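See below for start-v5.csv, which holds CSV, C-alpha atoms.
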chain,number,residue,atom,x,y,z
X,1,MET,CA,62.6,-78.9,-108.2
X,2,ALA,CA,59.5,-78.4,-110.3
X,3,HIS,CA,56.2,-77.9,-108.4
X,4,ARG,CA,52.7,-78.2,-109.6
X,5,HIS,CA,50.1,-75.5,-109.0
X,6,ARG,CA,47.0,-76.6,-107.0
X,7,LYS,CA,44.0,-77.5,-109.1
X,8,PRO,CA,41.1,-75.1,-108.8
X,9,HIS,CA,38.7,-77.9,-107.9
X,10,PHE,CA,38.4,-80.2,-104.9
X,11,THR,CA,40.7,-83.2,-104.9
X,12,VAL,CA,39.3,-86.6,-104.0
X,13,ARG,CA,41.2,-86.5,-100.7
X,14,GLU,CA,39.5,-83.2,-99.9
X,15,ILE,CA,36.0,-84.4,-100.8
X,16,VAL,CA,36.5,-87.5,-98.7
X,17,LEU,CA,37.7,-85.4,-95.8
X,18,LEU,CA,34.7,-83.1,-96.1
X,19,ALA,CA,32.3,-86.0,-96.4
X,20,LEU,CA,33.8,-87.8,-93.3
X,21,LEU,CA,33.6,-84.6,-91.3
X,22,ALA,CA,30.0,-83.9,-92.5
X,23,ALA,CA,29.1,-87.5,-91.3
X,24,LEU,CA,30.9,-86.8,-88.0
X,25,ILE,CA,28.9,-83.7,-87.4
X,26,VAL,CA,25.6,-85.6,-88.0
X,27,VAL,CA,26.7,-88.6,-85.9
X,28,THR,CA,27.7,-86.4,-83.0
X,29,LYS,CA,24.3,-84.7,-83.2
X,30,MET,CA,22.6,-88.1,-83.2
X,31,VAL,CA,24.7,-90.1,-80.8
X,32,LEU,CA,26.7,-87.9,-78.5
X,33,ARG,CA,23.9,-86.0,-76.7
X,34,MET,CA,25.5,-84.3,-73.8
X,35,PRO,CA,23.3,-84.1,-70.7
X,36,ILE,CA,23.6,-80.3,-70.6
X,37,ARG,CA,20.3,-78.5,-70.8
X,38,VAL,CA,21.8,-75.3,-72.2
X,39,PRO,CA,21.0,-74.1,-75.7
X,40,GLY,CA,23.8,-74.3,-78.2
X,41,HIS,CA,25.9,-76.9,-76.4
X,42,SER,CA,26.0,-79.2,-79.4
X,43,GLY,CA,28.1,-76.4,-81.0
X,44,VAL,CA,31.2,-77.5,-79.2
X,45,LEU,CA,31.7,-80.6,-81.4
X,46,TRP,CA,29.8,-79.2,-84.3
X,47,MET,CA,31.9,-76.0,-84.6
X,48,ALA,CA,35.1,-78.0,-83.8
X,49,ALA,CA,34.4,-80.3,-86.8
X,50,LEU,CA,33.6,-77.3,-89.1
X,51,VAL,CA,36.7,-75.4,-88.1
X,52,ILE,CA,38.8,-78.6,-88.7
X,53,GLY,CA,37.2,-79.2,-92.1
X,54,ARG,CA,37.5,-75.6,-93.2
X,55,GLY,CA,41.1,-75.4,-91.9
X,56,LEU,CA,42.1,-78.6,-93.7
X,57,VAL,CA,40.5,-77.9,-97.0
X,58,LYS,CA,41.6,-74.4,-97.8
X,59,ARG,CA,39.4,-73.8,-100.8
X,60,PRO,CA,36.7,-71.3,-101.4
X,61,TRP,CA,33.2,-72.7,-100.5
X,62,ALA,CA,34.7,-75.7,-98.5
X,63,GLY,CA,32.9,-74.6,-95.4
X,64,THR,CA,29.6,-74.1,-97.4
X,65,MET,CA,30.0,-77.5,-98.9
X,66,LEU,CA,30.7,-79.1,-95.5
X,67,GLY,CA,27.7,-77.4,-94.1
X,68,PHE,CA,25.4,-78.3,-97.0
X,69,VAL,CA,26.4,-82.0,-97.0
X,70,SER,CA,26.0,-82.3,-93.2
X,71,GLY,CA,22.7,-80.5,-93.6
X,72,VAL,CA,21.4,-82.9,-96.2
X,73,LEU,CA,22.5,-85.9,-94.0
X,74,ALA,CA,20.8,-84.3,-91.0
X,75,VAL,CA,17.5,-83.9,-92.9
X,76,LEU,CA,17.7,-87.6,-93.8
X,77,PHE,CA,18.9,-89.0,-90.5
X,78,VAL,CA,18.3,-86.5,-87.7
X,79,GLY,CA,15.1,-84.5,-88.4
X,80,GLY,CA,13.8,-81.8,-86.2
X,81,ALA,CA,11.2,-79.1,-85.8
X,82,GLU,CA,12.6,-77.3,-88.9
X,83,GLY,CA,11.6,-80.2,-91.2
X,84,PRO,CA,13.1,-80.2,-94.7
X,85,LEU,CA,14.5,-76.7,-94.0
X,86,LEU,CA,16.9,-78.2,-91.4
X,87,TRP,CA,19.8,-78.1,-93.9
X,88,VAL,CA,19.8,-74.3,-93.8
X,89,LYS,CA,20.7,-74.5,-90.1
X,90,TYR,CA,23.8,-76.6,-91.0
X,91,LEU,CA,24.7,-74.5,-94.1
X,92,ALA,CA,24.8,-71.1,-92.3
X,93,PRO,CA,27.8,-71.8,-90.0
X,94,GLY,CA,29.8,-73.2,-92.9
X,95,MET,CA,29.1,-70.1,-95.0
X,96,VAL,CA,30.1,-67.9,-92.1
X,97,LEU,CA,33.5,-69.7,-91.8
X,98,ASP,CA,34.0,-69.3,-95.6
X,99,LEU,CA,33.3,-65.6,-95.3
X,100,ILE,CA,35.6,-65.2,-92.3
X,101,ASP,CA,38.4,-67.0,-94.2
X,102,VAL,CA,38.0,-64.6,-97.1
X,103,LEU,CA,38.0,-61.5,-95.0
X,104,ILE,CA,40.7,-62.6,-92.6
X,105,PRO,CA,42.9,-65.0,-94.4
X,106,ILE,CA,45.3,-65.9,-91.5
X,107,GLY,CA,44.1,-69.5,-91.2
X,108,LEU,CA,41.8,-71.1,-88.7
X,109,GLU,CA,44.8,-72.6,-86.9
X,110,ASP,CA,45.1,-69.3,-85.2
X,111,ARG,CA,43.4,-70.0,-81.8
X,112,PHE,CA,41.9,-66.5,-81.5
X,113,LEU,CA,40.5,-66.6,-85.0
X,114,GLY,CA,39.3,-70.2,-84.5
X,115,THR,CA,37.5,-69.2,-81.2
X,116,LEU,CA,35.8,-66.1,-82.6
X,117,ALA,CA,34.9,-67.9,-85.9
X,118,GLY,CA,33.4,-70.8,-83.9
X,119,ALA,CA,31.4,-68.4,-81.7
X,120,ILE,CA,30.0,-66.4,-84.7
X,121,ALA,CA,29.3,-69.5,-86.7
X,122,ASN,CA,27.3,-71.0,-83.8
X,123,CYS,CA,25.4,-67.7,-83.4
X,124,ALA,CA,24.7,-67.9,-87.2
X,125,LYS,CA,23.2,-71.3,-86.6
X,126,LEU,CA,20.9,-69.8,-83.9
X,127,LEU,CA,20.0,-66.9,-86.3
X,128,SER,CA,19.2,-69.2,-89.2
X,129,SER,CA,17.2,-71.5,-86.9
X,130,THR,CA,15.1,-68.5,-85.7
X,131,ILE,CA,14.5,-67.3,-89.2
X,132,ILE,CA,13.4,-70.7,-90.4
X,133,ALA,CA,10.9,-70.9,-87.4
X,134,LEU,CA,9.6,-67.4,-88.4
X,135,LEU,CA,9.2,-68.5,-92.0
X,136,MET,CA,7.3,-71.6,-90.8
X,137,GLY,CA,4.8,-69.3,-89.1
X,138,LEU,CA,5.7,-70.1,-85.5
X,139,ASP,CA,4.8,-67.5,-82.9
X,140,ALA,CA,7.6,-64.8,-82.9
X,141,GLY,CA,6.8,-64.0,-79.3
X,142,PHE,CA,7.7,-67.5,-78.1
X,143,LEU,CA,10.7,-67.6,-80.5
X,144,VAL,CA,12.4,-64.6,-78.9
X,145,VAL,CA,11.8,-65.5,-75.3
X,146,GLY,CA,15.2,-66.2,-73.9
X,147,LEU,CA,16.9,-65.4,-77.3
X,148,GLY,CA,19.5,-63.1,-75.6
X,149,ALA,CA,20.6,-65.8,-73.1
X,150,SER,CA,20.5,-68.3,-75.9
X,151,ALA,CA,22.8,-66.1,-78.0
X,152,ILE,CA,25.3,-65.9,-75.2
X,153,SER,CA,25.3,-69.7,-74.6
X,154,HIS,CA,25.7,-70.2,-78.4
X,155,ALA,CA,28.6,-67.8,-78.5
X,156,PHE,CA,30.2,-69.5,-75.5
X,157,PHE,CA,29.9,-73.1,-76.8
X,158,GLY,CA,30.7,-72.1,-80.4
X,159,GLY,CA,33.8,-70.4,-79.2
X,160,LEU,CA,34.8,-73.4,-77.2
X,161,GLY,CA,34.3,-75.6,-80.2
X,162,GLY,CA,36.2,-73.2,-82.4
X,163,TRP,CA,39.1,-73.2,-80.0
X,164,LEU,CA,39.1,-77.0,-79.9
X,165,GLY,CA,39.0,-77.1,-83.7
X,166,SER,CA,41.9,-74.8,-84.1
X,167,TYR,CA,43.9,-76.7,-81.4
X,168,LEU,CA,43.2,-80.0,-83.2
X,169,LEU,CA,44.1,-78.3,-86.5
X,170,ARG,CA,47.5,-77.3,-85.3
X,171,ARG,CA,48.1,-80.8,-83.7
X,172,LEU,CA,46.5,-83.0,-86.3
X,173,GLY,CA,46.7,-80.8,-89.4
X,174,PRO,CA,50.1,-82.0,-90.6
X,175,ILE,CA,48.9,-85.6,-90.3
X,176,LEU,CA,45.4,-85.3,-91.7
X,177,ARG,CA,46.4,-82.9,-94.5
X,178,GLY,CA,48.9,-85.4,-95.9
X,179,PRO,CA,51.3,-84.5,-98.6
X,180,SER,CA,50.1,-81.3,-100.3
X,181,THR,CA,49.8,-81.4,-104.1
X,182,ALA,CA,51.7,-78.2,-104.1
X,183,GLU,CA,54.7,-80.0,-102.6
X,184,VAL,CA,54.6,-83.1,-104.7
X,185,PRO,CA,57.3,-82.9,-107.2
X,186,ILE,CA,56.4,-83.9,-110.8
X,187,ASP,CA,58.8,-86.8,-110.9
X,188,THR,CA,57.1,-88.3,-107.8
X,189,GLU,CA,53.7,-88.0,-109.4
X,190,MET,CA,55.0,-89.6,-112.6
X,191,ARG,CA,56.3,-92.5,-110.6
X,192,MET,CA,53.0,-92.8,-108.8
X,193,GLY,CA,51.1,-92.7,-112.1
X,194,ALA,CA,53.4,-95.2,-113.7
P,1,MET,CA,50.9,-58.4,-90.4
P,2,SER,CA,50.5,-58.8,-86.6
P,3,GLY,CA,48.9,-55.4,-86.4
P,4,GLY,CA,46.5,-56.3,-89.2
P,5,ARG,CA,45.7,-59.6,-87.6
P,6,ASN,CA,44.9,-57.9,-84.3
P,7,ARG,CA,42.7,-55.3,-86.0
P,8,ALA,CA,40.9,-58.0,-87.9
P,9,LEU,CA,40.3,-60.1,-84.7
P,10,ILE,CA,39.1,-57.0,-82.9
P,11,VAL,CA,36.6,-56.3,-85.7
P,12,LEU,CA,35.5,-60.0,-85.5
P,13,GLY,CA,35.1,-59.7,-81.8
P,14,ALA,CA,33.0,-56.6,-82.3
P,15,VAL,CA,30.8,-58.5,-84.8
P,16,LEU,CA,30.2,-61.2,-82.2
P,17,VAL,CA,29.3,-58.7,-79.5
P,18,LEU,CA,26.9,-57.0,-81.9
P,19,LEU,CA,25.2,-60.3,-82.7
P,20,VAL,CA,24.7,-61.1,-79.0
P,21,VAL,CA,23.5,-57.6,-78.2
P,22,GLY,CA,21.2,-57.7,-81.2
P,23,ALA,CA,19.6,-60.9,-79.9
P,24,TRP,CA,19.1,-59.3,-76.5
P,25,VAL,CA,17.5,-56.2,-78.1
P,26,ALA,CA,15.3,-58.3,-80.4
P,27,ALA,CA,14.2,-60.4,-77.4
P,28,SER,CA,13.3,-57.4,-75.3
P,29,LEU,CA,11.5,-55.6,-78.1
P,30,LEU,CA,9.6,-58.6,-79.5
P,31,THR,CA,8.7,-60.5,-76.3
P,32,PRO,CA,4.9,-60.3,-76.0
P,33,LYS,CA,3.8,-57.9,-73.3
P,34,ASP,CA,0.5,-59.7,-72.7
P,35,GLN,CA,0.8,-62.3,-69.9
P,36,TYR,CA,1.6,-65.9,-70.7
P,37,GLU,CA,-1.3,-68.2,-69.7
P,38,VAL,CA,-2.1,-71.9,-69.8
P,39,ARG,CA,-5.7,-72.5,-70.7
P,40,VAL,CA,-7.8,-75.6,-69.9
P,41,ILE,CA,-10.2,-76.2,-72.7
P,42,ASP,CA,-13.1,-78.6,-73.1
P,43,GLY,CA,-14.1,-78.6,-76.7
P,44,THR,CA,-14.6,-74.9,-77.4
P,45,ARG,CA,-15.2,-73.9,-73.7
P,46,VAL,CA,-12.4,-72.4,-71.7
P,47,LEU,CA,-12.7,-74.0,-68.3
P,48,ALA,CA,-9.9,-72.1,-66.7
P,49,SER,CA,-6.7,-70.2,-67.4
P,50,TYR,CA,-3.6,-69.8,-65.3
P,51,THR,CA,-0.6,-67.6,-65.2
P,52,VAL,CA,2.6,-69.1,-64.0
P,53,GLU,CA,2.1,-67.6,-60.6
P,54,GLU,CA,-1.3,-69.1,-60.4
P,55,LEU,CA,0.0,-72.5,-61.4
P,56,GLN,CA,2.7,-72.3,-58.8
P,57,ALA,CA,0.1,-71.5,-56.2
P,58,LEU,CA,-1.6,-74.8,-56.9
P,59,GLY,CA,1.3,-76.5,-55.0
P,60,GLU,CA,4.7,-77.9,-56.1
P,61,ALA,CA,5.4,-81.6,-56.7
P,62,LYS,CA,9.0,-82.7,-57.1
P,63,ILE,CA,10.1,-85.5,-59.5
P,64,VAL,CA,13.3,-86.7,-61.0
P,65,ALA,CA,13.2,-87.0,-64.7
P,66,LEU,CA,16.2,-87.8,-66.9
P,67,GLY,CA,18.5,-87.3,-63.9
P,68,LYS,CA,17.3,-83.8,-63.1
P,69,THR,CA,14.9,-82.6,-60.4
P,70,GLU,CA,11.9,-80.9,-61.8
P,71,GLN,CA,9.2,-79.2,-59.8
P,72,GLY,CA,5.9,-77.6,-60.3
P,73,PRO,CA,2.1,-78.3,-60.0
P,74,SER,CA,0.9,-81.7,-61.0
P,75,LEU,CA,-1.3,-82.0,-64.0
P,76,ILE,CA,-3.9,-83.8,-61.9
P,77,ARG,CA,-4.0,-80.9,-59.5
P,78,VAL,CA,-4.5,-78.4,-62.3
P,79,LEU,CA,-7.3,-80.4,-63.8
P,80,GLU,CA,-9.0,-80.7,-60.4
P,81,ASP,CA,-8.8,-77.0,-60.0
P,82,ALA,CA,-10.3,-76.4,-63.4
P,83,GLY,CA,-13.2,-78.7,-62.4
P,84,VAL,CA,-12.3,-81.6,-64.7
P,85,ARG,CA,-13.4,-84.8,-63.0
P,86,GLU,CA,-13.4,-87.3,-65.8
P,87,PHE,CA,-11.7,-87.5,-69.1
P,88,THR,CA,-10.5,-90.1,-71.6
P,89,ARG,CA,-7.5,-88.3,-72.9
P,90,LEU,CA,-5.7,-85.0,-72.9
P,91,ILE,CA,-3.9,-83.1,-75.6
P,92,ILE,CA,-1.2,-80.8,-74.2
P,93,ARG,CA,-0.3,-78.1,-76.7
P,94,GLY,CA,2.7,-75.8,-76.7
P,95,ALA,CA,4.2,-73.1,-78.8
P,96,GLY,CA,5.9,-75.8,-80.9
P,97,VAL,CA,9.1,-73.7,-81.2
P,98,ARG,CA,11.5,-76.2,-79.6
P,99,ASP,CA,9.6,-79.5,-79.9
P,100,ALA,CA,6.7,-81.2,-81.7
P,101,GLY,CA,4.3,-78.8,-80.1
P,102,SER,CA,1.8,-81.3,-78.6
P,103,ILE,CA,1.5,-84.6,-76.7
P,104,VAL,CA,-1.5,-86.8,-76.2
P,105,LEU,CA,-1.9,-88.4,-72.8
P,106,THR,CA,-4.5,-91.1,-72.1
P,107,HIS,CA,-6.2,-91.3,-68.7
P,108,ASP,CA,-3.9,-94.0,-67.5
P,109,GLN,CA,-0.8,-92.0,-68.4
P,110,VAL,CA,-1.9,-89.1,-66.2
P,111,THR,CA,-0.4,-89.8,-62.8
P,112,ASP,CA,0.8,-87.7,-59.9
P,113,GLU,CA,4.2,-87.6,-61.5
P,114,VAL,CA,3.1,-85.7,-64.6
P,115,ILE,CA,3.9,-82.2,-63.6
P,116,PHE,CA,4.4,-78.7,-65.1
P,117,ASP,CA,7.9,-77.6,-64.6
P,118,VAL,CA,8.5,-73.8,-64.5
P,119,ALA,CA,11.3,-73.0,-66.8
P,120,ASN,CA,13.7,-70.1,-66.5
P,121,ARG,CA,12.1,-68.6,-69.6
P,122,GLY,CA,9.0,-68.0,-67.5
P,123,THR,CA,6.9,-70.6,-69.3
P,124,VAL,CA,6.0,-74.2,-68.2
P,125,LYS,CA,6.8,-77.5,-69.8
P,126,ILE,CA,5.2,-80.9,-69.1
P,127,VAL,CA,7.5,-83.6,-67.8
P,128,SER,CA,7.3,-86.9,-66.1
P,129,PRO,CA,9.8,-89.6,-65.2
P,130,ASP,CA,8.3,-91.8,-68.0
P,131,MET,CA,8.3,-89.1,-70.7
P,132,ALA,CA,11.2,-89.2,-73.2
P,133,TRP,CA,13.1,-86.0,-73.8
P,134,GLY,CA,11.8,-85.7,-77.3
P,135,ASP,CA,8.1,-86.1,-76.1
P,136,ARG,CA,8.3,-83.1,-73.8
P,137,VAL,CA,6.2,-80.1,-74.7
P,138,ARG,CA,7.7,-76.8,-73.8
P,139,ASP,CA,5.9,-73.4,-73.6
P,140,VAL,CA,2.6,-75.1,-72.8
P,141,THR,CA,-0.4,-73.0,-73.8
P,142,GLU,CA,-3.4,-75.3,-73.8
P,143,ILE,CA,-4.7,-78.5,-72.1
P,144,VAL,CA,-7.4,-79.8,-74.3
P,145,VAL,CA,-9.7,-82.2,-72.3
P,146,GLU,CA,-11.5,-84.9,-74.3
P,147,GLY,CA,-14.3,-87.1,-73.0
P,148,ALA,CA,-15.0,-84.9,-70.0
P,149,GLU,CA,-18.2,-85.3,-68.0
I need this file expressed as structure tokens, please.
Amino acid sequence: MAHRHRKPHFTVREIVLLALLAALIVVTKMVLRMPIRVPGHSGVLWMAALVIGRGLVKRPWAGTMLGFVSGVLAVLFVGGAEGPLLWVKYLAPGMVLDLIDVLIPIGLEDRFLGTLAGAIANCAKLLSSTIIALLMGLDAGFLVVGLGASAISHAFFGGLGGWLGSYLLRRLGPILRGPSTAEVPIDTEMRMGA
Amino acid sequence: MSGGRNRALIVLGAVLVLLVVGAWVAASLLTPKDQYEVRVIDGTRVLASYTVEELQALGEAKIVALGKTEQGPSLIRVLEDAGVREFTRLIIRGAGVRDAGSIVLTHDQVTDEVIFDVANRGTVKIVSPDMAWGDRVRDVTEIVVEGAE
């Protein structure tokens, strides 16, 4: 059976998946405000969606793209103290997931990798947010008050989100991923194109 | 492969620990050593300034806002202590790190239920049952009094 190699660029299915997950990240941030007054708690759903997106679209820069699109949507629809630089806060976790996938290419379906990746990605969000605030000229003294505790809570909630994402990836991946182009025989594609 | 996977995960775990420890170290090194204060200002004059302990000594009011019990001195009590009898409006200013950084309260909005809640961070935030989550000002540093007699 002849098989096609995967194309180097994103397929329409992958772009749609990333766009939907980017929208999901922003909608969860806007609508699903959990009544937990602990910094970083939004990372549960945020990192879960990122891990799912990066796990489903196994291409270089997929996480960065997901982060960038959700960041642009967040600037337009969410807003925040970071102003137009808000997108950087969304981009950073996606870039971290891309980097982790390059360095440790075992797949985010692995629950331990998913958990650690989610935790680090959520901490990257905190770090980028702090750097943005410093660049905006906010008082560094106030920024760092409680930063240690905040880092722990970000790691915890991010890890929880990463674990949830990798769990859902294992369960839903085969359904959401659909038939891989690598597994579609040429004759099937010819019939579909006819 | 399993050994390589385990090693990679251990390295990743170490990176996570380093990030958290780095944040603790940064927080302990960069946190200002000078004492946090809330100042009551009338134009350019500083009418009074309070540390958190001094604010707590002004008495503690309890309110329920957004489903959570908050407690601390009421804004009215702080103004009385600072010698403010009349005003048309107040501007409560904060560090602006986690919120818009200021809120304007008219005379009518300043009730006994507007209080300064002492946060775990060792700073105060202004809350009231009628104040939306997004309107709260954290790390309050100044109370600017306008129209004072």
Checklist entry - How many Å lie between atom CA of X:Leu135 and atom CA of X:Gly67, rounded to one decimal? => result 20.6 Å
Item to check | One-decimal distance in Å that lies between atom CA of P:Phe87 and atom CA of P:Gln35 | outcome: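 Calculated distance between atom CA of P:Gln35 and atom CA of P:Phe87 is 28.1 Å.
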Could you produce a table of the residues of chain P lying within 8 Å of chain X, with the nearest pair of atoms per residue and their separation in Å rounded to one decimal, using all atoms listed in the file, ordered by chain and increasing residue number, as a Markdown table?
| residue | atom | partner | partner_atom | distance |
| --- | --- | --- | --- | --- |
| P:Arg5 | CA | X:Ile106 | CA | 7.4 |
| P:Ala8 | CA | X:Ile104 | CA | 6.6 |
| P:Leu9 | CA | X:Leu113 | CA | 6.5 |
| P:Leu12 | CA | X:Leu116 | CA | 6.8 |
| P:Gly13 | CA | X:Leu116 | CA | 6.5 |
| P:Val15 | CA | X:Ile120 | CA | 7.9 |
| P:Leu16 | CA | X:Ile120 | CA | 5.8 |
| P:Leu19 | CA | X:Cys123 | CA | 7.4 |
| P:Val20 | CA | X:Ala151 | CA | 5.4 |
| P:Val21 | CA | X:Gly148 | CA | 7.3 |
| P:Gly22 | CA | X:Gly148 | CA | 8.0 |
| P:Ala23 | CA | X:Gly148 | CA | 4.8 |
| P:Trp24 | CA | X:Gly148 | CA | 3.9 |
| P:Val25 | CA | X:Gly148 | CA | 7.6 |
| P:Ala26 | CA | X:Val144 | CA | 7.1 |
| P:Ala27 | CA | X:Val144 | CA | 4.8 |
| P:Leu30 | CA | X:Gly141 | CA | 6.1 |
| P:Thr31 | CA | X:Gly141 | CA | 5.0 |
| P:Pro32 | CA | X:Gly141 | CA | 5.3 |
| P:Ala95 | CA | X:Phe142 | CA | 6.6 |
| P:Gly96 | CA | X:Leu138 | CA | 7.3 |
| P:Val97 | CA | X:Leu143 | CA | 6.3 |
| P:Arg98 | CA | X:Ala81 | CA | 6.9 |
| P:Asp99 | CA | X:Ala81 | CA | 6.1 |
| P:Ala100 | CA | X:Ala81 | CA | 6.4 |
| P:Arg121 | CA | X:Gly146 | CA | 5.8 |
| P:Asp139 | CA | X:Phe142 | CA | 7.6 |
Next on the checklist: Need to verify the contact set: X:Met95, 12 Å, only C-alpha atoms, exclusion of same-chain residues closer than 2 positions in sequence. Can you return it as a PyMOL selection string?
Outcome noted: chain X and resi 50-51+54+60-68+88-93+97-102+117-118+120-122+124-125+128
Next on the checklist: Counting all atoms listed in the file, which residues have an atom no more than 10 Å from (-16.4, -80.5, -77.2) in the file's coordinates? Please list them as a list in words.
Outcome noted: Ile41, Asp42, Gly43, Thr44, Arg45, Val144, Val145, Glu146, Gly147 and Ala148 of chain P
Checklist entry - Taking all atoms listed in the file into account, which of P:Gly94, P:Pro129, P:Gly122, P:Gly101 comes nearest P:Lys68? => result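 Smallest distance to P:Lys68 is found for P:Pro129.
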Item to check | One-decimal distance in Å that lies between atom CA of X:Ala49 and atom CA of X:Arg170 | outcome: 13.5 Å
Next on the checklist: Using only C-alpha atoms, can you tell me which of P:Val114, P:Ile143, P:Val137, P:Val52 comes closest to P:Ala65?
Outcome noted: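 For P:Ala65, the nearest of the candidates is P:Val114.
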Next on the checklist: Measuring between all atoms listed in the file, which one of X:Ile131, X:Val38, X:Lys29, X:Met47 shows the shortest distance to X:Gly158?
Outcome noted: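 Smallest distance to X:Gly158 is found for X:Met47.
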Next on the checklist: Using only C-alpha atoms for the distances, tell me which of X:Gly114, X:Val26, X:Pro39, X:Arg59 is nearest to X:Thr11.
Outcome noted: X:Arg59
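Nearest residue to P:Thr111 among P:Ser128, P:Thr51, P:Thr69, P:Thr123 is P:Ser128, counting all atoms listed in the file.
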Item to check | Radius query 12 Å about (16.0, -89.0, -86.6), atoms used: all atoms listed in the file, as a PyMOL selection string | outcome: (chain X and resi 26-27+29-31+73-81+83+86) or (chain P and resi 134)
Checklist entry - Hey, what's within 12 Å of P:Val78 if we count only C-alpha atoms and toss same-chain stuff fewer than 2 positions away? As a PyMOL selection string, please? => result chain P and resi 38-40+47-52+54-61+72-76+80-85+110+112+114-116+142-143+145
Checklist entry - Pick from X:Thr28, X:Val69, X:Ile52, X:Leu160: nearest to X:Ile15, with all atoms listed in the file counted? => result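 Ranked by minimum distance to X:Ile15, first place goes to X:Val69.
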